[in-house]
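Dumped data-v4.cif below, it's mmCIF, C-alpha atoms:
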data_data
#
loop_
_atom_site.group_PDB
_atom_site.id
_atom_site.type_symbol
_atom_site.label_atom_id
_atom_site.label_comp_id
_atom_site.auth_asym_id
_atom_site.auth_seq_id
_atom_site.Cartn_x
_atom_site.Cartn_y
_atom_site.Cartn_z
ATOM 1 C CA MET K 1375 0.000 0.000 0.000
ATOM 2 C CA THR K 1376 1.558 3.265 -1.099
ATOM 3 C CA GLU K 1377 -1.246 5.756 -0.492
ATOM 4 C CA PRO K 1378 -3.124 6.712 2.663
ATOM 5 C CA ILE K 1379 -6.833 6.046 3.051
ATOM 6 C CA GLN K 1380 -7.413 9.658 3.958
ATOM 7 C CA ARG K 1381 -5.366 12.838 4.028
ATOM 8 C CA ILE K 1382 -6.267 15.930 6.055
ATOM 9 C CA GLU K 1383 -4.411 19.220 5.704
ATOM 10 C CA LEU K 1384 -4.391 21.502 8.753
ATOM 11 C CA GLU K 1385 -2.613 24.563 10.066
ATOM 12 C CA VAL K 1386 -1.721 24.406 13.747
ATOM 13 C CA SER K 1387 -0.162 26.816 16.198
ATOM 14 C CA ILE K 1388 3.131 26.099 17.937
ATOM 15 C CA ASP K 1389 4.386 27.998 20.950
ATOM 16 C CA TYR K 1390 7.143 27.391 23.480
ATOM 17 C CA GLY K 1391 8.475 24.890 20.934
ATOM 18 C CA GLN K 1392 5.561 22.511 21.314
ATOM 19 C CA VAL K 1393 2.161 21.521 20.014
ATOM 20 C CA TYR K 1394 -0.068 19.142 21.977
ATOM 21 C CA ILE K 1395 -2.093 16.565 20.064
ATOM 22 C CA PHE K 1396 -4.881 14.902 22.009
ATOM 23 C CA ASP K 1397 -8.348 13.428 22.373
ATOM 24 C CA PRO K 1398 -10.004 15.635 25.030
ATOM 25 C CA THR K 1399 -12.303 12.854 26.218
ATOM 26 C CA THR K 1400 -9.359 10.902 27.631
ATOM 27 C CA GLY K 1401 -8.667 13.579 30.254
ATOM 28 C CA ASP K 1402 -5.097 13.893 29.054
ATOM 29 C CA THR K 1403 -5.232 17.519 28.006
ATOM 30 C CA PRO K 1404 -2.907 20.545 28.133
ATOM 31 C CA GLY K 1405 -2.523 21.551 31.776
ATOM 32 C CA SER K 1406 -3.091 17.992 33.048
ATOM 33 C CA ASP K 1407 -0.552 15.719 34.716
ATOM 34 C CA ALA K 1408 0.022 14.010 31.383
ATOM 35 C CA MET K 1409 1.577 17.156 29.973
ATOM 36 C CA ASP K 1410 4.551 17.239 32.345
ATOM 37 C CA LEU K 1411 5.057 13.474 32.332
ATOM 38 C CA VAL K 1412 5.071 13.278 28.578
ATOM 39 C CA MET K 1413 7.488 16.172 28.122
ATOM 40 C CA ASP K 1414 9.903 14.687 30.656
ATOM 41 C CA GLU K 1415 9.732 11.372 28.845
ATOM 42 C CA ALA K 1416 10.333 13.014 25.488
ATOM 43 C CA ILE K 1417 13.422 14.804 26.785
ATOM 44 C CA ASN K 1418 14.828 11.933 28.843
ATOM 45 C CA THR K 1419 14.569 9.518 25.926
ATOM 46 C CA ALA K 1420 15.835 12.119 23.432
ATOM 47 C CA THR K 1421 12.867 11.344 21.178
ATOM 48 C CA TYR K 1422 11.397 14.853 21.627
ATOM 49 C CA VAL K 1423 7.999 13.361 20.965
ATOM 50 C CA GLY K 1424 6.259 11.889 23.986
ATOM 51 C CA SER K 1425 2.906 10.175 24.385
ATOM 52 C CA ARG K 1426 0.613 8.842 27.048
ATOM 53 C CA GLY K 1427 -2.911 7.553 26.515
ATOM 54 C CA GLY K 1428 -4.669 10.113 24.374
ATOM 55 C CA PHE K 1429 -1.943 12.754 24.439
ATOM 56 C CA ILE K 1430 1.145 13.553 22.369
ATOM 57 C CA ASP K 1431 3.658 16.313 23.061
ATOM 58 C CA LEU K 1432 5.367 17.181 19.783
ATOM 59 C CA MET K 1433 8.500 19.188 20.553
ATOM 60 C CA THR K 1434 10.149 21.226 17.835
ATOM 61 C CA PRO K 1435 13.183 23.519 17.729
ATOM 62 C CA ILE K 1436 10.933 26.275 16.377
ATOM 63 C CA GLN K 1437 9.927 28.557 19.255
ATOM 64 C CA PHE K 1438 6.645 29.590 17.674
ATOM 65 C CA ASN K 1439 4.778 29.298 14.412
ATOM 66 C CA THR K 1440 1.128 30.256 14.406
ATOM 67 C CA ASN K 1441 0.463 28.708 10.991
ATOM 68 C CA ALA K 1442 2.458 25.502 10.880
ATOM 69 C CA PRO K 1443 1.302 23.071 8.177
ATOM 70 C CA MET K 1444 0.200 19.753 9.693
ATOM 71 C CA ARG K 1445 -0.766 16.856 7.433
ATOM 72 C CA VAL K 1446 -2.740 14.010 8.996
ATOM 73 C CA GLU K 1447 -2.795 10.732 7.083
ATOM 74 C CA LEU K 1448 -4.761 7.584 7.870
ATOM 75 C CA TRP K 1449 -3.217 4.308 6.700
ATOM 76 C CA GLU K 1450 -4.484 0.733 6.658
ATOM 77 C CA GLN K 1451 -1.127 -0.406 7.984
ATOM 78 C CA ALA K 1452 2.297 1.055 8.770
ATOM 79 C CA PRO K 1453 3.200 3.432 5.938
ATOM 80 C CA PRO K 1454 6.280 2.989 3.776
ATOM 81 C CA ASP K 1455 9.533 4.420 5.041
ATOM 82 C CA ASP K 1456 10.195 7.935 3.727
ATOM 83 C CA ASP K 1457 12.041 9.168 6.802
ATOM 84 C CA ILE K 1458 14.793 10.669 4.688
ATOM 85 C CA ASN K 1459 12.379 13.422 3.660
ATOM 86 C CA PHE K 1460 12.114 14.656 7.253
ATOM 87 C CA ASP K 1461 14.439 15.998 9.930
ATOM 88 C CA HIS K 1462 12.971 14.076 12.839
ATOM 89 C CA VAL K 1463 10.697 11.018 12.925
ATOM 90 C CA VAL K 1464 9.263 9.152 15.915
ATOM 91 C CA ASP K 1465 6.639 6.403 16.250
ATOM 92 C CA VAL K 1466 4.375 6.569 19.324
ATOM 93 C CA ASP K 1467 1.025 5.193 20.524
ATOM 94 C CA LEU K 1468 -2.105 7.359 20.666
ATOM 95 C CA ASP K 1469 -5.638 6.517 21.814
ATOM 96 C CA VAL K 1470 -8.457 8.416 20.116
ATOM 97 C CA PRO K 1471 -11.606 6.853 21.611
ATOM 98 C CA SER K 1472 -13.932 9.706 20.601
ATOM 99 C CA GLY K 1473 -12.523 10.241 17.136
ATOM 100 C CA ARG K 1474 -11.792 13.889 18.004
ATOM 101 C CA LEU K 1475 -8.181 14.877 17.403
ATOM 102 C CA LEU K 1476 -7.210 18.303 18.716
ATOM 103 C CA PHE K 1477 -4.107 20.435 18.358
ATOM 104 C CA GLU K 1478 -3.209 23.089 20.938
ATOM 105 C CA GLN K 1479 -0.069 25.158 21.340
ATOM 106 C CA SER K 1480 1.982 24.977 24.534
ATOM 107 C CA GLY K 1481 1.524 27.704 27.151
ATOM 108 C CA GLU K 1482 -2.237 27.265 27.203
ATOM 109 C CA ILE K 1483 -4.700 24.952 28.893
ATOM 110 C CA TYR K 1484 -7.365 23.097 26.971
ATOM 111 C CA ASP K 1485 -9.728 25.622 25.426
ATOM 112 C CA PRO K 1486 -11.876 24.356 22.537
ATOM 113 C CA GLU K 1487 -12.079 27.864 21.132
ATOM 114 C CA TYR K 1488 -8.386 27.935 20.344
ATOM 115 C CA CYS K 1489 -7.795 24.317 19.362
ATOM 116 C CA VAL K 1490 -7.592 23.095 15.806
ATOM 117 C CA GLU K 1491 -9.786 20.008 15.561
ATOM 118 C CA THR K 1492 -10.297 17.227 13.080
ATOM 119 C CA THR K 1493 -12.204 13.965 13.170
ATOM 120 C CA ILE K 1494 -10.876 10.482 12.518
ATOM 121 C CA PRO K 1495 -12.336 7.020 13.189
ATOM 122 C CA PRO K 1496 -12.281 6.246 16.944
ATOM 123 C CA ALA K 1497 -9.461 3.762 17.558
ATOM 124 C CA ARG K 1498 -6.165 2.952 19.218
ATOM 125 C CA TYR K 1499 -3.466 4.118 16.853
ATOM 126 C CA ARG K 1500 0.207 3.890 16.225
ATOM 127 C CA VAL K 1501 1.357 7.288 14.976
ATOM 128 C CA ARG K 1502 4.413 8.263 12.987
ATOM 129 C CA VAL K 1503 5.213 11.862 13.902
ATOM 130 C CA ALA K 1504 7.523 13.673 11.495
ATOM 131 C CA GLY K 1505 8.843 17.226 11.276
ATOM 132 C CA ARG K 1506 11.013 19.052 8.766
ATOM 133 C CA GLY K 1507 12.308 22.445 7.774
ATOM 134 C CA TYR K 1508 13.971 22.903 11.127
ATOM 135 C CA GLU K 1509 17.296 24.273 9.881
ATOM 136 C CA HIS K 1510 15.758 26.587 7.301
ATOM 137 C CA SER K 1511 13.164 27.834 9.711
ATOM 138 C CA LYS K 1512 15.669 28.577 12.445
ATOM 139 C CA SER K 1513 18.106 30.328 10.118
ATOM 140 C CA GLN K 1514 15.448 32.423 8.403
ATOM 141 C CA GLY K 1515 13.412 33.512 11.376
ATOM 142 C CA GLY K 1516 10.753 30.808 11.425
ATOM 143 C CA GLY K 1517 7.700 29.819 9.445
ATOM 144 C CA LEU K 1518 9.306 27.190 7.218
ATOM 145 C CA ASP K 1519 8.741 24.152 9.409
ATOM 146 C CA SER K 1520 6.015 21.593 8.669
ATOM 147 C CA TYR K 1521 4.726 18.401 10.238
ATOM 148 C CA ARG K 1522 2.996 15.136 9.418
ATOM 149 C CA LEU K 1523 1.121 12.521 11.402
ATOM 150 C CA GLN K 1524 0.588 9.091 9.880
ATOM 151 C CA LEU K 1525 -1.857 6.946 11.833
ATOM 152 C CA TRP K 1526 -2.678 3.266 11.559
ATOM 153 C CA LEU K 1527 -4.479 0.854 13.853
ATOM 154 C CA ARG K 1528 -2.481 -0.885 16.553
ATOM 155 C CA GLU K 1529 -3.269 -4.020 18.508
ATOM 156 C CA THR K 1530 -0.681 -3.767 21.271
ATOM 157 C CA ASP K 1531 1.069 -0.981 23.142
ATOM 158 C CA THR K 1532 4.645 -0.287 22.068
ATOM 159 C CA PRO K 1533 7.237 2.144 23.424
ATOM 160 C CA ALA K 1534 8.222 5.157 21.375
ATOM 161 C CA VAL K 1535 10.707 4.438 18.606
ATOM 162 C CA LEU K 1536 13.085 7.128 17.393
ATOM 163 C CA ARG K 1537 13.404 6.511 13.661
ATOM 164 C CA ARG K 1538 15.339 9.601 12.635
ATOM 165 C CA SER K 1539 16.893 12.225 14.885
ATOM 166 C CA TRP K 1540 17.526 15.848 13.988
ATOM 167 C CA ALA K 1541 21.186 16.572 14.693
ATOM 168 C CA GLY K 1542 20.469 19.992 16.138
ATOM 169 C CA TRP K 1543 18.731 18.638 19.240
ATOM 170 C CA GLN K 1544 22.023 17.926 20.970
ATOM 171 C CA LYS K 1545 23.075 21.562 20.697
ATOM 172 C CA ILE K 1546 19.697 22.845 21.902
ATOM 173 C CA MET K 1547 19.387 20.540 24.875
ATOM 174 C CA GLY K 1548 23.016 20.810 25.906
ATOM 175 C CA MET U 598 15.058 28.029 33.905
ATOM 176 C CA PRO U 599 18.008 30.227 34.924
ATOM 177 C CA PHE U 600 17.996 32.476 31.876
ATOM 178 C CA VAL U 601 14.243 33.024 31.965
ATOM 179 C CA VAL U 602 14.457 33.873 35.660
ATOM 180 C CA LYS U 603 17.296 36.294 34.989
ATOM 181 C CA ASN U 604 15.203 38.015 32.350
ATOM 182 C CA ILE U 605 12.297 38.352 34.789
ATOM 183 C CA SER U 606 14.647 39.630 37.460
ATOM 184 C CA ASP U 607 16.134 42.208 35.106
ATOM 185 C CA ALA U 608 12.642 43.240 34.004
ATOM 186 C CA PHE U 609 11.611 43.832 37.614
ATOM 187 C CA ALA U 610 14.716 45.926 38.149
ATOM 188 C CA ARG U 611 13.615 48.043 35.195
ATOM 189 C CA GLY U 612 10.133 48.588 36.538
ATOM 190 C CA ARG U 613 8.103 45.905 34.776
ATOM 191 C CA PRO U 614 5.068 44.758 36.793
ATOM 192 C CA PHE U 615 5.025 41.910 39.305
ATOM 193 C CA VAL U 616 1.439 40.997 38.425
ATOM 194 C CA LEU U 617 0.334 40.039 34.924
ATOM 195 C CA HIS U 618 -3.168 39.368 33.647
ATOM 196 C CA LYS U 619 -3.987 36.611 31.195
ATOM 197 C CA LEU U 620 -4.779 37.741 27.688
ATOM 198 C CA ASP U 621 -7.041 35.477 25.660
ATOM 199 C CA GLY U 622 -7.151 35.603 21.919
ATOM 200 C CA ARG U 623 -4.321 34.278 19.844
ATOM 201 C CA PRO U 624 -4.186 37.191 17.390
ATOM 202 C CA LYS U 625 -3.740 39.584 20.306
ATOM 203 C CA GLN U 626 -0.992 37.423 21.773
ATOM 204 C CA ASP U 627 0.748 37.155 18.421
ATOM 205 C CA ALA U 628 0.640 40.906 17.996
ATOM 206 C CA LYS U 629 2.144 41.468 21.420
ATOM 207 C CA ARG U 630 4.896 38.949 20.756
ATOM 208 C CA ALA U 631 5.696 40.652 17.473
ATOM 209 C CA GLN U 632 5.839 44.008 19.244
ATOM 210 C CA ALA U 633 8.153 42.598 21.907
ATOM 211 C CA CYS U 634 10.417 40.354 19.851
ATOM 212 C CA ALA U 635 10.323 41.730 16.307
ATOM 213 C CA PRO U 636 13.748 43.413 16.546
ATOM 214 C CA PHE U 637 15.249 40.356 18.202
ATOM 215 C CA ASP U 638 18.310 38.716 16.623
ATOM 216 C CA PRO U 639 19.393 35.477 18.350
ATOM 217 C CA GLY U 640 23.157 35.741 18.340
ATOM 218 C CA TYR U 641 23.652 32.405 20.080
ATOM 219 C CA GLY U 642 20.972 30.338 18.364
ATOM 220 C CA GLY U 643 18.571 30.755 21.258
ATOM 221 C CA SER U 644 15.088 32.171 21.482
ATOM 222 C CA CYS U 645 13.427 35.432 22.424
ATOM 223 C CA ASP U 646 12.088 35.584 25.953
ATOM 224 C CA GLU U 647 9.962 38.583 26.858
ATOM 225 C CA TYR U 648 8.702 40.027 30.120
ATOM 226 C CA SER U 649 5.963 41.114 30.486
ATOM 227 C CA LEU U 650 4.756 37.955 28.763
ATOM 228 C CA ALA U 651 3.154 38.311 25.343
ATOM 229 C CA LEU U 652 0.372 36.112 26.729
ATOM 230 C CA SER U 653 -0.511 38.846 29.218
ATOM 231 C CA MET U 654 -2.360 42.140 28.922
ATOM 232 C CA GLU U 655 0.806 43.891 30.074
ATOM 233 C CA GLY U 656 2.908 42.358 27.275
ATOM 234 C CA GLY U 657 3.921 43.808 23.943
ATOM 235 C CA ALA U 658 5.823 46.989 23.239
ATOM 236 C CA GLY U 659 8.293 47.850 25.969
ATOM 237 C CA ALA U 660 8.732 44.295 27.172
ATOM 238 C CA HIS U 661 12.176 43.442 28.478
ATOM 239 C CA ILE U 662 13.703 40.850 26.138
ATOM 240 C CA MET U 663 16.655 38.527 26.413
ATOM 241 C CA GLU U 664 17.995 35.590 24.431
ATOM 242 C CA VAL U 665 17.435 32.354 26.344
ATOM 243 C CA PRO U 666 18.130 28.716 25.449
ATOM 244 C CA LEU U 667 15.170 27.100 23.705
ATOM 245 C CA ARG U 668 15.211 24.253 26.220
ATOM 246 C CA GLU U 669 13.998 26.724 28.830
ATOM 247 C CA GLN U 670 11.023 27.665 26.641
ATOM 248 C CA PHE U 671 9.903 24.029 26.647
ATOM 249 C CA CYS U 672 9.659 24.171 30.438
ATOM 250 C CA GLN U 673 8.104 27.629 30.517
ATOM 251 C CA GLY U 674 5.165 26.659 28.286
ATOM 252 C CA GLY U 675 4.234 23.746 30.507
ATOM 253 C CA THR U 676 4.776 25.736 33.693
ATOM 254 C CA LEU U 677 2.355 28.439 32.551
ATOM 255 C CA ALA U 678 -0.295 25.937 31.524
ATOM 256 C CA ARG U 679 -0.016 24.126 34.848
ATOM 257 C CA GLN U 680 -0.376 27.403 36.710
ATOM 258 C CA TYR U 681 -3.464 28.370 34.705
ATOM 259 C CA GLN U 682 -5.010 24.981 35.447
ATOM 260 C CA ARG U 683 -4.083 24.906 39.127
ATOM 261 C CA GLU U 684 -5.194 28.469 39.855
ATOM 262 C CA GLY U 685 -8.225 28.494 37.572
ATOM 263 C CA ILE U 686 -6.811 31.464 35.695
ATOM 264 C CA THR U 687 -8.860 32.780 32.824
ATOM 265 C CA GLN U 688 -9.066 35.993 30.854
ATOM 266 C CA GLY U 689 -8.099 39.019 32.932
ATOM 267 C CA LEU U 690 -7.092 37.155 36.082
ATOM 268 C CA ASN U 691 -3.571 37.176 37.485
ATOM 269 C CA SER U 692 -1.578 34.853 35.294
ATOM 270 C CA VAL U 693 1.896 35.158 36.756
ATOM 271 C CA SER U 694 2.479 36.961 39.974
ATOM 272 C CA PHE U 695 5.284 37.303 42.445
ATOM 273 C CA SER U 696 5.277 38.185 46.085
ATOM 274 C CA SER U 697 7.558 40.974 47.245
ATOM 275 C CA ARG U 698 9.760 38.333 48.870
ATOM 276 C CA GLN U 699 10.061 36.420 45.596
ATOM 277 C CA ALA U 700 10.731 39.617 43.704
ATOM 278 C CA ARG U 701 13.521 40.599 46.108
ATOM 279 C CA TRP U 702 14.938 37.113 45.809
ATOM 280 C CA LEU U 703 14.842 37.321 42.032
ATOM 281 C CA ARG U 704 16.433 40.735 41.965
ATOM 282 C CA GLY U 705 19.299 39.468 44.106
ATOM 283 C CA ARG U 706 20.152 36.589 41.821
ATOM 284 C CA THR U 707 21.911 36.390 38.510
ATOM 285 C CA GLU U 708 22.147 32.615 38.243
ATOM 286 C CA VAL U 709 19.468 30.358 39.631
ATOM 287 C CA SER U 710 18.336 26.836 38.923
ATOM 288 C CA ALA U 711 14.738 27.027 40.098
ATOM 289 C CA LEU U 712 12.066 29.556 40.888
ATOM 290 C CA PRO U 713 10.569 28.794 44.309
ATOM 291 C CA GLY U 714 6.893 29.121 45.015
ATOM 292 C CA THR U 715 5.669 30.693 41.798
ATOM 293 C CA GLY U 716 2.138 29.504 42.456
ATOM 294 C CA GLY U 717 1.337 32.289 44.932
ATOM 295 C CA ARG U 718 -0.618 35.457 44.400
ATOM 296 C CA ALA U 719 0.973 38.843 44.638
ATOM 297 C CA ASP U 720 1.096 40.404 48.077
ATOM 298 C CA ASP U 721 2.389 43.780 46.983
#
Go ahead and render the structure in this file as C-alpha cells.
Amino acid sequence: MTEPIQRIELEVSIDYGQVYIFDPTTGDTPGSDAMDLVMDEAINTATYVGSRGGFIDLMTPIQFNTNAPMRVELWEQAPPDDDINFDHVVDVDLDVPSGRLLFEQSGEIYDPEYCVETTIPPARYRVRVAGRGYEHSKSQGGGLDSYRLQLWLRETDTPAVLRRSWAGWQKIMG
Amino acid sequence: MPFVVKNISDAFARGRPFVLHKLDGRPKQDAKRAQACAPFDPGYGGSCDEYSLALSMEGGAGAHIMEVPLREQFCQGGTLARQYQREGITQGLNSVSFSSRQARWLRGRTEVSALPGTGGRADD
C-alpha cells in the first residue's frame, strides 16, 4: 500500500516549541498531569515526541509558528519508510476513543475555542510523527517548518521508537 | 530556567510589573509577541524571551527581552499551563504573579536553577 486512506491538511499553532495533540475525552489535556510526564519522557529519551494515553507532546526547535502546516494521514497499515524526507521522525502510541483529534499550542490549557480540531475514526493508533524544515526555519526567522502525522491501527502498546533524529537537538538541549 | 528567571529579574529591576493578567485571543498574543520580539536577533541560536509575557495584557511593546536557550522555553510553556489549570486562571485574572519576597529574591540573583513558590498570588 503506497497511499493513505485519507489525508487531512491543517494549520496548527506552535508555541514554546511545542504543540499538543490529544483526544479531550481521555482527560489527558494541556494543563493535566500528562503534559509534564510526557514532556519529561520526550526529553529523557531524546525522542522529543512523547505520548501517554490520548496525548502527544510534539516538541520542535521552532519557538513559535502560528500557521504551521500539519498533514494528517490515515493508513491501513504502517506506511512505507520515507524518513529521509524529514528531519525528525518518531513512532508513538495514541488513543483516540472519541474520534476527536485536537491540536493546541503549549503555554495554554485546553480551550476548545483555540484548538484546531479534526475527526478520525475512533481507535487505538500507532502514529508516525515527522517534522522538517527545522534548519531553514531557524536560520530564516521561522515559518518554514512543517509536520505530518501518519496513523494506523495498533493491537498492542509499544514504546516510542526514534526513527530519525535531527542533529540539532544535541546543541539545543546541551 | 536560569535564563528566563534572569530576564524576569532584570525586568523587575527596570520597573516591569510583578502581576500580569492573562490575555485570551491568539491574534492579540501574536501581535504582542511581534511588538516585543520583532527586533530580536538570536546571536547564540537561542530564542526570544519577553517580560511582560506576550500572553498577558501587560505584554507587547516595551517588554524586556533577552535571548534564552530554547530548552527553557519548553519548560516555561508547561509551567504556565499548569499554573493556569491549578489556579483556575482565565481571561483578565492574574496569570503570573510574584510576592515581594520572591521579587527581592529574584532581583538578588543572577544565576538560579529554580524559581521557588511561583504559584502564589501577589502580596504587593
statement: The distance between CA of Ser1425 (chain K) and CA of Gly685 (chain U) is 25.2 Å
- request: May I ask which of the residues K:Val1503, K:Val1386, K:Leu1475, K:Ile1430 is the closest one to Tyr1488 (chain K), counting only C-alpha atoms?
  value: K:Val1386
message: Taking all atoms listed in the file into account and nothing else, which residues of chain U lie no more than 9 Å away from chain K? Please answer as a list of chain:residue names.
response: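 Selected residues: U:Gly622, U:Arg623, U:Asp627, U:Asp638, U:Gly642, U:Gly643, U:Ser644, U:Cys645, U:Leu652, U:Pro666, U:Leu667, U:Arg668, U:Glu669, U:Gln670, U:Phe671, U:Cys672, U:Gln673, U:Gly674, U:Gly675, U:Thr676, U:Leu677, U:Ala678, U:Arg679, U:Gln680, U:Tyr681, U:Gln682, U:Arg683.
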task: Give as number ranges by chain the residues that the PyMOL selection byres ((chain K and resi 1467) around 12) matches when applied to the coordinates above.
output: K: 1395-1396, 1423-1431, 1464-1466, 1468-1470, 1497-1503, 1523-1535
field: Top pick for closest residue to His661 (chain U), considering U:Gly640, U:His618, U:Arg613, U:Lys603 and counting all atoms listed in the file
entry: U:Arg613
message: Between CA of His1462 (chain K) and CA of Arg1506 (chain K), what is the distance in Å, rounded to a tenth?
response: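 Answer for the CA of His1462 (chain K) to CA of Arg1506 (chain K) separation: 6.7 Å.
Coordinates place CA of Pro1496 (chain K) at a distance of 18.3 Å from CA of Arg1445 (chain K).
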message: Using only C-alpha atoms, which protein or nucleic acid residues come within 7 Å of Asn691 (chain U)? Drop anything in the same chain fewer than 6 positions from it, and give the result as a VMD selection string.
response: chain U and resid 616 to 619
Mind checking which residues fall within 12 Å of Ile1458 (chain K), counting all atoms listed in the file, ignoring those fewer than 4 positions away in the same chain, and posting them as a PDB file with C-alpha atoms, in the frame of the given file?
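File around16.pdb, as written:
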ATOM      1  CA  PRO K1454       6.280   2.989   3.776  1.00  0.00           C
ATOM      2  CA  HIS K1462      12.971  14.076  12.839  1.00  0.00           C
ATOM      3  CA  VAL K1463      10.697  11.018  12.925  1.00  0.00           C
ATOM      4  CA  ALA K1504       7.523  13.673  11.495  1.00  0.00           C
ATOM      5  CA  GLY K1505       8.843  17.226  11.276  1.00  0.00           C
ATOM      6  CA  ARG K1506      11.013  19.052   8.766  1.00  0.00           C
ATOM      7  CA  ARG K1537      13.404   6.511  13.661  1.00  0.00           C
ATOM      8  CA  ARG K1538      15.339   9.601  12.635  1.00  0.00           C
ATOM      9  CA  SER K1539      16.893  12.225  14.885  1.00  0.00           C
ATOM     10  CA  TRP K1540      17.526  15.848  13.988  1.00  0.00           C
TER      11      TRP K1540
END
task: Would you kindly translate the PyMOL selection byres ((chain K and resi 1518) around 8) into the concrete residues it picks from this file, as number ranges by chain?
output: K: 1442, 1507-1508, 1510-1511, 1516-1517, 1519-1520
